[in-house]
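A.B. asks: Here it is, the structure, as structure tokens.
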Amino acid sequence: MTVPAPTAQELAEVERANTSGKQPVVFVHGLWLLDTSWDRWAEFFEAAGYAAVTPGWPDDPATVEEARANPDVFANKSVGDVAAYQQAIVEKLDRKPAIIGHSFGGLLVQMLAGRGLSAATVAIDPAPSRGVLPLPASALKASSAVLTNPANRHRAVALTFEQFKYGFANAVSDQEAHELYEKYHVAGSGVPIFQAAFANINPRTEVKADNLNPDRGPMLVISGEYDHQVPHAIAHAAYERQLKNPGTTEFAELPGRGHSLTIDSGWQEVAAAALDFVGRFVK
């Protein structure tokens, strides 16, 4: 794949981080969200003295409104495509960044860390990579919006509200779930879901993270207790794989939280846990 050029906004964020003299922190979003889902986190980390960079995935629209008007732009983006795009942006930074990701972003940050590109990593409710074996029923149900139709592999798939409520927002009220759906939800590429589902039977899969690289750096895996999309068993299995690394590897489960934990009304609790971890290793 030819890696697309970063957007003007992404390049501006990188330049701002490089000229600030501050420690950069890169935020990587997952499926069914945009980089704007990190806006409050970016402000939170900036207030703590870091320089935030919030890259999108290749060809991401700038706004939710644009994304809903042109959902097909998301189709056929693979995990390898996104990882290459994110790596190209990270490598433009003068200092090795801390990297924080959610859902498929949580998988992507493990991949980037395994390539020696992260000073400290926080993987929040990370999608499974090759070697992560548990497949709880709730995760299969949450992915069924994509997996039940093989043609979805080459499509952009939007969730119904009911699917979003089950996969993302089961731990918040119906009112808040509706608010999150309207504010944040966009279509997502079907490719990563199929890649994750078959990673353990495809030896050539792109969905794999080098958990043994001694340059991986410290890593925290965060799990939401009530997450349906990435239940405890998946997140903890990712942590157990990462434990084989000689670097610091930690796990935290946040009680009462679902997959929407980075965007819902309790986001600041998660951001504070991530900031505390990052601050122990990079200033």
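Just remember, in the structure tokens the first chain shown is A, the second B, etc., residues are 1-based per chain, and ligands are 1-based in the order shown.
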Need the shell around Tyr181 (chain A): protein/DNA/RNA residues with any atom at most 9 Å away, counting only C-alpha atoms. Skip same-chain ones fewer than 5 positions apart. Format as a list in words?
C.D. replies: Phe161, Phe164, Lys165, Ala169, Glu176 and Val186 of chain A
A.B. asks: Got a sec: who's within 8 Å of His29 (chain A), counting only C-alpha atoms, leaving out chain neighbours fewer than 3 positions off, as a PyMOL selection string?
C.D. replies: chain A and resi 33-35+37-38+56+101-106
A.B. asks: Measuring atom to atom with only C-alpha atoms, identify which of A:Ala151, A:Ala187, A:Val53, A:Met219 is nearest to Arg280 (chain A).
C.D. replies: A:Met219
A.B. asks: Which one of A:Glu253, A:Ile201, A:Ala272, A:Leu135 sits closest to Ala47 (chain A) if you count only C-alpha atoms?
C.D. replies: A:Ala272
A.B. asks: Determine which residues of region 16-147 of chain A receive a DSSP assignment of helix (DSSP H, G or I), computed from the backbone, and state them as a ChimeraX atom specification.
C.D. replies: /A:16-20,35-47,64-69,71-74,79-90,104-114,137-147
A.B. asks: Measuring atom to atom with only C-alpha atoms, identify which of A:His178, A:Arg241, A:Arg153, A:His228 is nearest to Gly131 (chain A).
C.D. replies: A:Arg241
A.B. asks: As an exercise, work out the distance from CA of Arg68 (chain A) to CA of Thr36 (chain A) in Å and give it to one decimal place.
C.D. replies: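 Distance between the two atoms: 14.3 Å.
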A.B. asks: Using only C-alpha atoms, which residue out of A:Ala156, A:Ala237, A:Val230, A:Val25 lies closest to Gly49 (chain A)?
C.D. replies: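 Ranking A:Ala156, A:Ala237, A:Val230, A:Val25 by distance to Gly49 (chain A), first place goes to A:Val25.
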A.B. asks: Need the shell around Tyr85 (chain A): protein/DNA/RNA residues with any atom at most 10 Å away, counting only C-alpha atoms. Skip same-chain ones fewer than 2 positions apart. Format as a VMD selection string?
C.D. replies: chain A and resid 2 to 6 55 to 58 79 to 83 87 to 90
A.B. asks: Mind the document's chain letters and residue numbers, and return as a PyMOL selection string the residues of region 20-156 of chain A that DSSP labels strand (DSSP E).
C.D. replies: chain A and resi 24-28+51-53+98-102+120-124+156
A.B. asks: Out of A:Val282, A:Ala127, A:Val132, A:Met111, which residue has the shortest atom-to-atom distance to Pro24 (chain A) when counting only C-alpha atoms?
C.D. replies: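 The closest residue to Pro24 (chain A) is A:Val282.
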A.B. asks: Go through A:Gln9, A:Glu250, A:Lys283, A:Pro255 one by one, measure the shortest atom-to-atom distance of each to Glu269 (chain A) using only C-alpha atoms, and give the residue with the smallest value.
C.D. replies: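 Between A:Gln9, A:Glu250, A:Lys283, A:Pro255, the residue approaching Glu269 (chain A) most closely is A:Pro255.
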A.B. asks: Determine, counting only C-alpha atoms, which protein, DNA and RNA residues have an atom within 10 Å of an atom of Gln23 (chain A); residues of the same chain fewer than 2 positions away are not included. Present the result as a list of chain:residue names.
C.D. replies: A:Ala17, A:Asn18, A:Ser20, A:Gly21, A:Val25, A:Glu46, A:Gly49, A:Tyr50, A:Ala51, A:Ala52, A:Leu93, A:Asp94, A:Arg95, A:Lys96, A:Pro97, A:Ala98, A:Ala119, A:Val282, A:Lys283
A.B. asks: In Å to one decimal, how far is CA of Ser129 (chain A) from CA of Phe168 (chain A)?
C.D. replies: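 Separation of CA of Phe168 (chain A) and CA of Ser129 (chain A): 19.6 Å.
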A.B. asks: Pick out the residues sitting within 12 Å of Asn152 (chain A), and hand them over as number ranges by chain; count only C-alpha atoms, and ignore anything fewer than 6 positions along from it in its own chain.
C.D. replies: A: 72, 74-76, 143-146, 158, 187-194
